[in-house]
Every structure is written in structure tokens, then in C-alpha cells.
$ cat model.txt   # compact mmCIF, C-alpha atoms
# COMPACT_ATOMS: atom_id res chain seq x y z
CA MET A 1 -11.34 6.24 15.13
CA ALA A 2 -14.38 4.02 15.81
CA GLU A 3 -13.89 0.45 17.01
CA HIS A 4 -13.42 -2.05 14.22
CA LYS A 5 -14.43 -5.69 14.35
CA PRO A 6 -12.12 -8.08 12.52
CA TYR A 7 -13.38 -10.29 9.71
CA LEU A 8 -12.55 -13.92 9.09
CA THR A 9 -11.08 -15.00 5.79
CA GLY A 10 -13.56 -17.08 3.82
CA ARG A 11 -13.33 -18.72 0.43
CA THR A 12 -10.38 -17.88 -1.82
CA TYR A 13 -10.47 -17.98 -5.62
CA ILE A 14 -8.01 -17.54 -8.42
CA PHE A 15 -9.37 -17.70 -11.95
CA LYS A 16 -9.20 -16.41 -15.51
CA ILE A 17 -11.71 -14.20 -17.30
CA GLY A 18 -11.69 -14.89 -21.01
CA ARG A 19 -11.62 -12.73 -24.11
CA GLY A 20 -14.60 -10.58 -24.97
CA LYS A 21 -16.15 -10.37 -21.50
CA ASP A 22 -16.95 -7.06 -19.87
CA LEU A 23 -14.54 -6.98 -16.92
CA LEU A 24 -16.78 -5.35 -14.31
CA GLU A 25 -19.80 -7.43 -15.30
CA ALA A 26 -17.76 -10.64 -15.16
CA LEU A 27 -16.45 -9.79 -11.68
CA THR A 28 -19.92 -8.87 -10.44
CA ASP A 29 -21.46 -12.03 -11.91
CA PHE A 30 -18.74 -14.14 -10.29
CA CYS A 31 -19.51 -12.64 -6.87
CA HIS A 32 -23.25 -12.97 -7.34
CA ASP A 33 -23.06 -16.57 -8.60
CA ASN A 34 -20.85 -17.58 -5.67
CA GLN A 35 -22.79 -15.44 -3.19
CA ILE A 36 -19.74 -13.45 -2.11
CA LYS A 37 -21.06 -10.50 -0.15
CA CYS A 38 -17.86 -9.18 1.37
CA GLY A 39 -14.25 -9.40 0.24
CA ILE A 40 -11.44 -8.04 -1.81
CA VAL A 41 -10.39 -8.51 -5.41
CA ASN A 42 -7.04 -8.12 -7.20
CA GLY A 43 -5.93 -8.81 -10.71
CA ILE A 44 -3.76 -8.26 -13.75
CA GLY A 45 -4.33 -8.78 -17.44
CA THR A 46 -4.82 -7.16 -20.81
CA LEU A 47 -7.83 -5.19 -22.11
CA GLU A 48 -9.08 -4.54 -25.64
CA ASN A 49 -10.56 -1.20 -24.53
CA ALA A 50 -11.56 0.48 -21.28
CA THR A 51 -13.87 2.97 -19.62
CA LEU A 52 -12.45 4.74 -16.58
CA GLY A 53 -14.18 7.04 -14.11
CA TYR A 54 -12.83 10.10 -12.33
CA PHE A 55 -14.98 11.59 -9.60
CA ASP A 56 -15.33 15.36 -9.92
CA GLN A 57 -15.58 16.47 -6.27
CA ASP A 58 -17.07 19.87 -7.19
CA LYS A 59 -19.67 18.70 -9.69
CA LYS A 60 -20.27 15.56 -7.58
CA LYS A 61 -20.37 13.26 -10.56
CA TYR A 62 -18.09 10.95 -12.51
CA GLU A 63 -16.28 12.02 -15.65
CA LYS A 64 -15.69 9.11 -18.00
CA HIS A 65 -12.52 8.42 -19.95
CA ILE A 66 -12.88 6.10 -22.90
CA VAL A 67 -9.65 4.28 -23.74
CA ASN A 68 -10.03 3.15 -27.35
CA LYS A 69 -6.97 0.99 -27.58
CA PRO A 70 -5.47 -2.13 -26.02
CA THR A 71 -3.79 -1.69 -22.64
CA GLU A 72 -2.20 -3.83 -19.96
CA ILE A 73 -4.07 -4.01 -16.65
CA VAL A 74 -1.03 -3.34 -14.51
CA ASN A 75 -3.24 -3.48 -11.48
CA LEU A 76 -6.85 -3.99 -10.55
CA VAL A 77 -7.73 -3.58 -6.89
CA GLY A 78 -11.14 -3.45 -5.33
CA ASN A 79 -13.62 -4.66 -2.80
CA ILE A 80 -16.92 -6.49 -2.64
CA SER A 81 -19.87 -5.30 -0.61
CA ILE A 82 -23.66 -5.10 -0.86
CA MET A 83 -25.59 -2.48 -2.80
CA ASP A 84 -29.33 -2.71 -3.51
CA ASN A 85 -29.31 -6.23 -1.98
CA ARG A 86 -26.79 -7.50 -4.54
CA SER A 87 -23.04 -8.18 -4.56
CA ASN A 88 -21.30 -5.00 -5.70
CA VAL A 89 -17.73 -4.76 -6.95
CA HIS A 90 -15.98 -1.41 -6.52
CA ALA A 91 -12.67 -1.61 -8.36
CA HIS A 92 -10.00 0.79 -9.56
CA VAL A 93 -7.55 -0.03 -12.33
CA THR A 94 -4.16 1.15 -13.47
CA LEU A 95 -3.55 0.55 -17.18
CA SER A 96 -0.44 0.97 -19.32
CA ASP A 97 -0.34 1.72 -23.03
CA GLU A 98 1.97 0.88 -25.93
CA LYS A 99 4.48 3.50 -24.77
CA GLY A 100 4.48 2.24 -21.19
CA ALA A 101 2.59 5.29 -19.94
CA ALA A 102 0.15 4.61 -17.11
CA LEU A 103 -3.44 5.76 -16.81
CA GLY A 104 -6.07 4.95 -14.24
CA GLY A 105 -9.44 5.43 -12.65
CA GLN A 106 -12.52 3.62 -11.42
CA LEU A 107 -13.40 0.55 -13.49
CA PHE A 108 -16.66 1.20 -15.35
CA PRO A 109 -18.75 -1.09 -17.54
CA GLY A 110 -17.37 -0.88 -21.07
CA SER A 111 -13.97 -2.43 -20.40
CA LYS A 112 -13.49 -5.45 -22.67
CA VAL A 113 -11.19 -8.26 -21.57
CA PHE A 114 -8.44 -9.73 -23.73
CA VAL A 115 -7.43 -11.86 -20.75
CA ALA A 116 -7.61 -11.25 -16.99
CA GLU A 117 -6.24 -13.21 -14.02
CA ILE A 118 -8.21 -12.53 -10.88
CA PHE A 119 -7.82 -13.21 -7.16
CA VAL A 120 -10.83 -12.98 -4.85
CA GLN A 121 -10.65 -13.28 -1.07
CA GLU A 122 -14.02 -13.57 0.63
CA LEU A 123 -14.30 -12.00 4.08
CA VAL A 124 -16.71 -13.45 6.61
CA GLY A 125 -18.38 -11.04 9.00
CA GLU A 126 -20.95 -8.28 8.71
CA PRO A 127 -20.93 -7.30 5.01
CA LYS A 128 -20.44 -3.63 4.24
CA VAL A 129 -23.50 -1.99 2.70
CA ARG A 130 -23.10 0.72 0.07
CA LYS A 131 -25.62 3.54 -0.26
CA GLN A 132 -25.65 6.94 -1.88
CA ASP A 133 -24.26 9.55 0.49
CA LYS A 134 -26.28 12.79 0.38
CA THR A 135 -23.31 15.12 0.84
CA THR A 136 -20.84 13.68 -1.66
CA LYS A 137 -23.31 11.85 -3.97
CA LEU A 138 -20.89 8.87 -3.85
CA ASN A 139 -22.07 5.36 -3.01
CA LEU A 140 -20.33 4.90 0.34
CA TRP A 141 -20.29 2.24 3.06
CA ILE A 142 -22.84 3.32 5.65
CA MET B 1 -19.28 -18.67 -15.94
CA ALA B 2 -17.89 -22.14 -15.16
CA GLU B 3 -17.97 -23.46 -11.61
CA HIS B 4 -14.99 -22.43 -9.53
CA LYS B 5 -13.52 -24.41 -6.68
CA PRO B 6 -12.19 -22.37 -3.77
CA TYR B 7 -8.57 -22.59 -2.67
CA LEU B 8 -7.23 -22.71 0.88
CA THR B 9 -4.72 -20.15 2.05
CA GLY B 10 -1.34 -21.77 2.64
CA ARG B 11 1.96 -20.32 3.78
CA THR B 12 2.33 -16.55 4.01
CA TYR B 13 5.60 -14.68 3.61
CA ILE B 14 6.79 -11.13 3.91
CA PHE B 15 10.41 -10.44 3.04
CA LYS B 16 12.94 -8.05 1.54
CA ILE B 17 14.83 -8.45 -1.73
CA GLY B 18 18.18 -6.71 -1.55
CA ARG B 19 20.10 -4.40 -3.84
CA GLY B 20 21.41 -5.65 -7.16
CA LYS B 21 19.07 -8.63 -7.58
CA ASP B 22 16.98 -9.11 -10.69
CA LEU B 23 13.43 -8.68 -9.37
CA LEU B 24 11.66 -11.32 -11.48
CA GLU B 25 14.44 -13.86 -11.01
CA ALA B 26 14.48 -13.29 -7.24
CA LEU B 27 10.71 -13.79 -7.03
CA THR B 28 10.85 -16.92 -9.17
CA ASP B 29 13.74 -18.36 -7.17
CA PHE B 30 11.89 -17.68 -3.93
CA CYS B 31 8.84 -19.61 -5.18
CA HIS B 32 10.95 -22.44 -6.53
CA ASP B 33 13.06 -22.74 -3.37
CA ASN B 34 9.96 -22.82 -1.17
CA GLN B 35 8.01 -24.99 -3.61
CA ILE B 36 5.18 -22.50 -3.97
CA LYS B 37 3.12 -23.67 -6.94
CA CYS B 38 0.05 -21.49 -6.58
CA GLY B 39 -0.46 -18.11 -5.00
CA ILE B 40 -0.35 -14.37 -5.26
CA VAL B 41 2.39 -11.80 -4.84
CA ASN B 42 2.36 -8.09 -3.99
CA GLY B 43 5.07 -5.60 -3.32
CA ILE B 44 6.53 -2.13 -3.26
CA GLY B 45 10.08 -0.82 -3.48
CA THR B 46 12.62 1.02 -5.55
CA LEU B 47 14.39 -0.10 -8.76
CA GLU B 48 17.69 0.94 -10.30
CA ASN B 49 16.32 0.22 -13.80
CA ALA B 50 13.49 -1.75 -15.32
CA THR B 51 12.29 -3.69 -18.34
CA LEU B 52 8.53 -3.59 -18.96
CA GLY B 53 6.46 -5.55 -21.46
CA TYR B 54 3.39 -4.45 -23.41
CA PHE B 55 1.53 -7.13 -25.34
CA ASP B 56 0.76 -6.09 -28.91
CA GLN B 57 -2.57 -7.85 -29.56
CA ASP B 58 -2.26 -7.51 -33.35
CA LYS B 59 1.36 -8.64 -33.71
CA LYS B 60 0.82 -11.18 -30.90
CA LYS B 61 4.11 -10.42 -29.23
CA TYR B 62 5.53 -8.30 -26.43
CA GLU B 63 7.06 -4.88 -27.01
CA LYS B 64 9.73 -4.08 -24.43
CA HIS B 65 10.23 -0.75 -22.70
CA ILE B 66 13.62 -0.22 -21.13
CA VAL B 67 13.53 2.22 -18.23
CA ASN B 68 17.10 3.43 -17.81
CA LYS B 69 16.67 5.34 -14.58
CA PRO B 70 15.70 4.75 -10.96
CA THR B 71 11.99 4.48 -10.23
CA GLU B 72 9.71 3.70 -7.33
CA ILE B 73 7.78 0.43 -7.55
CA VAL B 74 4.45 1.95 -6.61
CA ASN B 75 2.88 -1.41 -7.05
CA LEU B 76 3.80 -4.94 -8.00
CA VAL B 77 0.94 -7.42 -8.31
CA GLY B 78 1.04 -10.90 -9.70
CA ASN B 79 0.35 -14.57 -9.35
CA ILE B 80 2.21 -17.84 -9.08
CA SER B 81 1.37 -20.89 -11.16
CA ILE B 82 3.13 -23.71 -12.98
CA MET B 83 4.76 -23.44 -16.39
CA ASP B 84 7.03 -26.13 -17.85
CA ASN B 85 6.85 -27.99 -14.50
CA ARG B 86 8.33 -25.05 -12.59
CA SER B 87 6.98 -22.25 -10.41
CA ASN B 88 6.20 -19.30 -12.66
CA VAL B 89 5.66 -15.72 -11.52
CA HIS B 90 3.48 -13.51 -13.72
CA ALA B 91 3.71 -9.98 -12.36
CA HIS B 92 2.80 -6.49 -13.51
CA VAL B 93 4.36 -3.35 -12.07
CA THR B 94 3.50 0.30 -11.84
CA LEU B 95 6.56 2.53 -11.49
CA SER B 96 6.91 6.26 -10.81
CA ASP B 97 9.76 8.47 -11.88
CA GLU B 98 11.49 11.57 -10.50
CA LYS B 99 8.59 13.77 -11.64
CA GLY B 100 5.97 11.52 -10.07
CA ALA B 101 4.76 10.30 -13.47
CA ALA B 102 3.62 6.69 -13.55
CA LEU B 103 4.55 4.03 -16.08
CA GLY B 104 3.76 0.35 -16.15
CA GLY B 105 3.71 -3.02 -17.83
CA GLN B 106 4.55 -6.67 -17.36
CA LEU B 107 7.66 -7.23 -15.23
CA PHE B 108 10.41 -8.66 -17.42
CA PRO B 109 13.88 -9.91 -16.52
CA GLY B 110 16.21 -6.92 -16.55
CA SER B 111 14.69 -5.03 -13.63
CA LYS B 112 17.35 -4.39 -11.00
CA VAL B 113 16.34 -4.00 -7.37
CA PHE B 114 17.45 -1.14 -5.14
CA VAL B 115 15.17 -2.52 -2.43
CA ALA B 116 11.87 -4.43 -2.60
CA GLU B 117 9.40 -5.47 0.10
CA ILE B 118 7.37 -8.47 -0.97
CA PHE B 119 4.27 -10.30 0.25
CA VAL B 120 3.53 -13.83 -0.95
CA GLN B 121 0.34 -15.75 -0.15
CA GLU B 122 0.45 -19.41 -1.10
CA LEU B 123 -2.84 -20.93 -2.20
CA VAL B 124 -3.52 -24.61 -1.62
CA GLY B 125 -5.57 -26.46 -4.21
CA GLU B 126 -5.12 -27.50 -7.80
CA PRO B 127 -2.32 -25.24 -9.13
CA LYS B 128 -3.03 -23.33 -12.31
CA VAL B 129 -0.94 -24.47 -15.27
CA ARG B 130 0.26 -21.96 -17.85
CA LYS B 131 0.71 -22.93 -21.49
CA GLN B 132 1.01 -21.07 -24.76
CA ASP B 133 -2.40 -20.38 -26.21
CA LYS B 134 -2.49 -20.94 -29.97
CA THR B 135 -4.88 -18.10 -30.77
CA THR B 136 -3.35 -15.27 -28.73
CA LYS B 137 0.22 -16.61 -28.40
CA LEU B 138 0.05 -15.67 -24.71
CA ASN B 139 0.95 -18.11 -21.94
CA LEU B 140 -2.48 -18.61 -20.39
CA TRP B 141 -3.96 -20.79 -17.67
CA ILE B 142 -5.42 -23.83 -19.38
CA MET C 1 18.39 -16.48 -0.71
CA ALA C 2 18.19 -16.84 3.10
CA GLU C 3 15.65 -19.18 4.63
CA HIS C 4 12.26 -17.61 5.20
CA LYS C 5 9.85 -18.52 7.96
CA PRO C 6 6.18 -18.36 7.03
CA TYR C 7 3.76 -16.11 8.90
CA LEU C 8 0.24 -16.91 10.00
CA THR C 9 -2.64 -14.73 8.92
CA GLY C 10 -4.09 -12.84 11.87
CA ARG C 11 -6.93 -10.36 12.11
CA THR C 12 -8.48 -9.02 8.91
CA TYR C 13 -10.13 -5.62 8.58
CA ILE C 14 -12.02 -3.75 5.93
CA PHE C 15 -13.07 -0.19 6.74
CA LYS C 16 -13.63 3.33 5.49
CA ILE C 17 -11.53 6.40 6.24
CA GLY C 18 -13.68 9.52 6.14
CA ARG C 19 -13.30 12.93 4.59
CA GLY C 20 -10.67 15.32 5.88
CA LYS C 21 -8.36 12.75 7.51
CA ASP C 22 -4.68 12.56 6.67
CA LEU C 23 -4.40 9.17 4.95
CA LEU C 24 -1.03 8.04 6.31
CA GLU C 25 -1.81 9.24 9.83
CA ALA C 26 -5.19 7.50 9.78
CA LEU C 27 -3.60 4.23 8.66
CA THR C 28 -0.85 4.50 11.27
CA ASP C 29 -3.34 5.32 14.04
CA PHE C 30 -5.49 2.37 13.02
CA CYS C 31 -2.52 0.00 13.30
CA HIS C 32 -1.38 1.52 16.58
CA ASP C 33 -4.88 1.47 18.14
CA ASN C 34 -5.38 -2.17 17.14
CA GLN C 35 -1.80 -3.12 17.98
CA ILE C 36 -1.05 -4.43 14.50
CA LYS C 37 2.71 -4.89 14.31
CA CYS C 38 3.03 -6.84 11.10
CA GLY C 39 0.84 -7.04 8.03
CA ILE C 40 -0.17 -5.67 4.68
CA VAL C 41 -2.52 -2.93 3.60
CA ASN C 42 -4.40 -2.26 0.36
CA GLY C 43 -6.92 0.33 -0.64
CA ILE C 44 -8.70 2.53 -3.14
CA GLY C 45 -10.45 5.88 -2.82
CA THR C 46 -10.37 9.56 -3.65
CA LEU C 47 -8.05 12.26 -2.28
CA GLU C 48 -8.49 16.03 -2.00
CA ASN C 49 -4.73 16.51 -2.35
CA ALA C 50 -1.58 14.44 -1.96
CA THR C 51 2.10 14.45 -1.10
CA LEU C 52 4.20 11.81 -2.86
CA GLY C 53 7.82 10.85 -2.29
CA TYR C 54 10.45 9.76 -4.82
CA PHE C 55 13.73 8.45 -3.44
CA ASP C 56 16.74 10.01 -5.13
CA GLN C 57 19.27 7.16 -5.05
CA ASP C 58 22.24 9.49 -5.66
CA LYS C 59 21.35 12.21 -3.17
CA LYS C 60 20.01 9.54 -0.78
CA LYS C 61 16.95 11.52 0.14
CA TYR C 62 13.30 11.85 -0.83
CA GLU C 63 12.04 14.42 -3.28
CA LYS C 64 8.47 15.46 -2.56
CA HIS C 65 5.74 15.99 -5.14
CA ILE C 66 2.80 18.03 -3.97
CA VAL C 67 -0.40 17.21 -5.86
CA ASN C 68 -2.67 20.21 -5.38
CA LYS C 69 -5.81 18.78 -6.89
CA PRO C 70 -8.29 15.97 -6.34
CA THR C 71 -7.23 12.54 -7.59
CA GLU C 72 -8.46 8.97 -7.50
CA ILE C 73 -6.41 6.53 -5.42
CA VAL C 74 -6.27 3.85 -8.09
CA ASN C 75 -4.15 1.81 -5.79
CA LEU C 76 -2.61 1.95 -2.33
CA VAL C 77 -0.35 -0.94 -1.37
CA GLY C 78 1.89 -1.21 1.63
CA ASN C 79 3.05 -3.06 4.68
CA ILE C 80 3.06 -2.71 8.44
CA SER C 81 6.16 -3.25 10.55
CA ILE C 82 7.83 -1.76 13.63
CA MET C 83 9.92 1.41 13.67
CA ASP C 84 11.03 3.14 16.87
CA ASN C 85 8.88 0.69 18.86
CA ARG C 86 5.69 1.79 17.08
CA SER C 87 3.54 0.42 14.26
CA ASN C 88 4.85 1.86 11.01
CA VAL C 89 2.96 1.94 7.71
CA HIS C 90 5.07 2.02 4.52
CA ALA C 91 2.71 2.57 1.61
CA HIS C 92 2.97 3.52 -2.04
CA VAL C 93 0.09 4.98 -4.02
CA THR C 94 -0.90 5.30 -7.65
CA LEU C 95 -3.21 8.25 -8.29
CA SER C 96 -5.12 9.31 -11.41
CA ASP C 97 -6.15 12.82 -12.30
CA GLU C 98 -9.05 14.44 -14.19
CA LYS C 99 -7.52 13.41 -17.52
CA GLY C 100 -7.02 9.81 -16.44
CA ALA C 101 -3.23 10.23 -16.28
CA ALA C 102 -1.53 8.26 -13.51
CA LEU C 103 1.05 9.48 -11.04
CA GLY C 104 2.62 7.76 -8.09
CA GLY C 105 5.13 7.55 -5.28
CA GLN C 106 5.53 6.86 -1.59
CA LEU C 107 2.58 8.06 0.48
CA PHE C 108 3.70 10.95 2.69
CA PRO C 109 1.83 12.87 5.38
CA GLY C 110 -0.07 15.66 3.68
CA SER C 111 -2.50 13.51 1.69
CA LYS C 112 -6.06 14.47 2.55
CA VAL C 113 -8.83 11.90 2.21
CA PHE C 114 -12.10 12.51 0.38
CA VAL C 115 -12.98 8.87 0.99
CA ALA C 116 -10.82 5.74 1.29
CA GLU C 117 -11.71 2.03 1.50
CA ILE C 118 -8.98 0.06 3.20
CA PHE C 119 -8.11 -3.61 3.67
CA VAL C 120 -5.66 -4.67 6.38
CA GLN C 121 -4.36 -8.21 6.84
CA GLU C 122 -2.43 -8.75 10.06
CA LEU C 123 0.40 -11.27 9.89
CA VAL C 124 1.36 -13.23 12.99
CA GLY C 125 5.02 -14.10 13.45
CA GLU C 126 8.18 -12.18 14.16
CA PRO C 127 7.38 -8.57 13.17
CA LYS C 128 9.78 -6.91 10.75
CA VAL C 129 11.75 -4.04 12.33
CA ARG C 130 12.62 -0.99 10.25
CA LYS C 131 15.82 0.97 10.88
CA GLN C 132 17.87 3.48 8.94
CA ASP C 133 20.36 1.71 6.69
CA LYS C 134 23.75 3.42 6.70
CA THR C 135 24.53 2.79 3.02
CA THR C 136 21.27 3.83 1.38
CA LYS C 137 19.87 6.09 4.16
CA LEU C 138 16.52 4.33 3.68
CA ASN C 139 14.57 2.87 6.60
CA LEU C 140 14.87 -0.82 5.77
CA TRP C 141 13.89 -4.08 7.43
CA ILE C 142 16.93 -5.28 9.33

$ encode --input "model.txt" --output "C-alpha cells"
Amino acid sequence: MAEHKPYLTGRTYIFKIGRGKDLLEALTDFCHDNQIKCGIVNGIGTLENATLGYFDQDKKKYEKHIVNKPTEIVNLVGNISIMDNRSNVHAHVTLSDEKGAALGGQLFPGSKVFVAEIFVQELVGEPKVRKQDKTTKLNLWI
Amino acid sequence: MAEHKPYLTGRTYIFKIGRGKDLLEALTDFCHDNQIKCGIVNGIGTLENATLGYFDQDKKKYEKHIVNKPTEIVNLVGNISIMDNRSNVHAHVTLSDEKGAALGGQLFPGSKVFVAEIFVQELVGEPKVRKQDKTTKLNLWI
Amino acid sequence: MAEHKPYLTGRTYIFKIGRGKDLLEALTDFCHDNQIKCGIVNGIGTLENATLGYFDQDKKKYEKHIVNKPTEIVNLVGNISIMDNRSNVHAHVTLSDEKGAALGGQLFPGSKVFVAEIFVQELVGEPKVRKQDKTTKLNLWI
């Protein structure tokens, strides 16, 4: 494996996202407004509805799953890097429904917050840069 | 979005919770005993049984799911703040059963540990305070 | 609960694991190569296939679930300690399939990466040491 340079921990935030916000947009805006270019994000909460992505490795594109009901965010985990010269949040979520069943996928726009409690840890060092990879068609760290 | 003040990272812990303990109580006691008023918690492990909560947004109350069998804690994620002048742990868990199926929800008392490995990161700054919100009936950060 | 000594945060890494690697082996090699003896690990990504473990508390052994299809890693969470004088990664994963359904369990060798984005936080202090526990037959922190 290639040599890896450690990062320093930077600013640390814990905050609430309120009802009605789009979760991915709110996270992205938070990073942009605070100029966080590298870091990780975690969270829990409750959604009014959700849009999840599953990457089809053969077709090389995302399939979307629309979740038209309230769910718990049992886990949001993701990272912050740079794409197109802007802070980019890449996050996956696990949700649970009224029966306790879990579902999951990449967090897409179209996921409306009931309430979310978010932790962001900025990392200081060379920010990762995300770009479309020609082979997989995914936006990967170059 | 309102201005957010960064926190400093405080004490960091990694520890085991042993067999027979109630998971939420053990986490809460740990935070109380060490006077951790703000932070995040993560973990993995195995449970003997579990009680999960799903918030019904219409009825404005939690539905409980009793899981009467052993499961893996594939993920516990949560945060530590203050409620009623005491350390309060708000955690969500994803569990997996003997078929590998995942279930999830808010961690409630009544979740018995087989073994759990826990990470706690204290955050130093103004602790979040949790109080019942009149509109949603949830205990939210004010 | 016994007294707990806090750890210091050490080196912090964020990096990509590329296509075709075995996820658990790649994580273990990373820790070994960088001499990380204590810490936590988090991640998201996409797998080509997976092998998950469920601990049968009665039989005191792991049942394996082979997932013979691509899935999203909606969440990987784990820790780093010492076993047999080597860095050991104990990680659990939640996966989601083409229908958005979630599955999960302990990450076993035999989980092939499509792409994975990993965060590692080294902890500085007395490393945890993992050893087989006679009662449960699990490899626990002594």
C-alpha cells in the first residue's frame, strides 16, 4: 500500500439540523459556510422521507430508492472532500422503519429532516479531491 | 444556517462493557462517573436481547420493538449532552440477526450486553442541553 | 465500573482502498505498516462481495454469511488493538443491497472491495490486548 501522510484534527462541531431541511444540502452548506474542505461526519436523527442510492457496478450508475415514509437515521457516516472546487459531502445512511427493519444506501438529495444531530471533525492536511473515474464512473479520490 | 462555534476535543476513552449489563445504563453511568457532559460515542459488540425505539411522528411518541434473541451490534452511534442536569446518552443502534438481516432504532433501556467495545470522545465547549420540544414532543437540543 | 484512563489522540488518516483488495486484510495491513496498535476505524464504500460473521452465543462460534452480490458499505465501524503481538482490526459492517435492504455482521476475510473510503484515528495510551476468553470463546480485551 502507498505511503500515507497523517492529518491533523482541526475544528470539531456538534449541532442540530432542524425540521424541513434537506439533509445532504444542509450538511454541504454547513461545510461550505465554514470552509471545511476535509473531514468526517457522523450523525443520528429522524427523517420525514429519504432518497437512497445504490451503485449498480455493471450499469455503472446509481439506482435510486425513494423511501416515502418516516424513518430513524440509525446511522449517518461520511466524509468531506473537494469536488469541482467546492466542499463535497459523501455520506451513507442506515435507516430503520416502523417495524424496526433497516434499509440503507448513499444519501441523496431528497431526504427531508425531522431532526438530525450531527458531528463534524475537520481534518487539516492536503484535502482529498474527488473526480469522476473513467473506469467505474464513480466520483473517486484521485 | 446559524453560526456554529467549534468545540475542542477532550478526553478520549476506549473500553469494554461486560456481559449482563444494560447497554444504555452502562454508557450513561460511564459518562456520569467521568463527568462527560458533551461528546460522541461509537461502538460494536453483541447483545443478548434488545429494546429499540421508533418515533411515530404523527402520534408523537416512541413505538418499542423488543428483540428477544441475540444480535450483533453492527453499529452504535450517539452523542452525549445534558438533560435534567445529568449526562444523557442519545444513541441509535443497528443490529444484525442470525440470518444477517439488519434491524435498528433508538437504543432503549432493556438491551442486555453480551460484550460491547465502546469509544467515547469528549468535546470541550458549551455542552448541548436537551429539553422536551413542545411541537414534536422529542427531547431536542435547545 | 472500573476506573478508566483516557487516551490521547494520535495520528489521523483518511484514505481510499482500491478495487480488488480484501477489505479486512487491507485494513490490517495498513495498521501493521503504520504501526497503529490502538485506535478506531470508520468507513463507507462499495463491495463486490462480502463475508459476514454472526456469533452464535449457544454454540460459541461464528456462523458465516456469504453475500454473493455487490453491496454498498453503508457503514464500517471498528477498533484496532493487539492480538498475538500484531495489530488487529475488529470491524462490523452494515451493507445495503440493490433493493435498499440492509444486512450486517462482523467483517470477515472474503470481502472484496469495489472502492472504500476509510478514516483511522490512532489512540495513544496502553493498547488493548485481545485474547480468547475461556467462557465465551470470543477474542476479548483482557

$ interface_residues --input "model.txt" --of "chain B" --to "chain C" --cutoff "6 Å" --atoms "all atoms listed in the file" --output "PDB file with C-alpha atoms, in the frame of the given file"
ATOM      1  CA  ARG B  11       1.960 -20.320   3.780  1.00  0.00           C
ATOM      2  CA  THR B  12       2.330 -16.550   4.010  1.00  0.00           C
ATOM      3  CA  TYR B  13       5.600 -14.680   3.610  1.00  0.00           C
ATOM      4  CA  VAL B  74       4.450   1.950  -6.610  1.00  0.00           C
ATOM      5  CA  SER B  96       6.910   6.260 -10.810  1.00  0.00           C
ATOM      6  CA  GLY B 100       5.970  11.520 -10.070  1.00  0.00           C
ATOM      7  CA  ALA B 101       4.760  10.300 -13.470  1.00  0.00           C
ATOM      8  CA  ALA B 102       3.620   6.690 -13.550  1.00  0.00           C
TER       9      ALA B 102
END

$ residues_around --input "model.txt" --residues "C:Gly110" --least-positions-apart "4" --cutoff "9 Å" --atoms "all atoms listed in the file" --output "VMD selection string"
chain C and resid 22 to 24 49 to 52 66

$ closest_residue --input "model.txt" --among "A:Pro70, A:Lys61, A:Ile80, A:Ile17" --to "A:Val120" --atoms "all atoms listed in the file"
A:Ile80

$ atom_distance --input "model.txt" --atom1 "atom CA of B:Leu47" --atom2 "atom CA of B:Arg19"
8.7 Å

$ atom_distance --input "model.txt" --atom1 "atom CA of A:Thr135" --atom2 "atom CA of C:Thr71"
18.3 Å

$ residues_around --input "model.txt" --residues "stretch 29-37 of chain A" --least-positions-apart "3" --cutoff "6 Å" --atoms "only C-alpha atoms" --output "MDAnalysis selection string"
chainID A and resid 25:26 81 87

$ atom_distance --input "model.txt" --atom1 "atom CA of A:Leu27" --atom2 "atom CA of A:Lys59"
28.7 Å

$ closest_residue --input "model.txt" --among "C:Met83, C:Val89, C:Ile14, C:Ile118" --to "C:Thr28" --atoms "only C-alpha atoms"
C:Val89

$ closest_residue --input "model.txt" --among "C:Lys16, C:Ile82, C:Gly10, C:Ile44" --to "A:Val129" --atoms "only C-alpha atoms"
C:Lys16
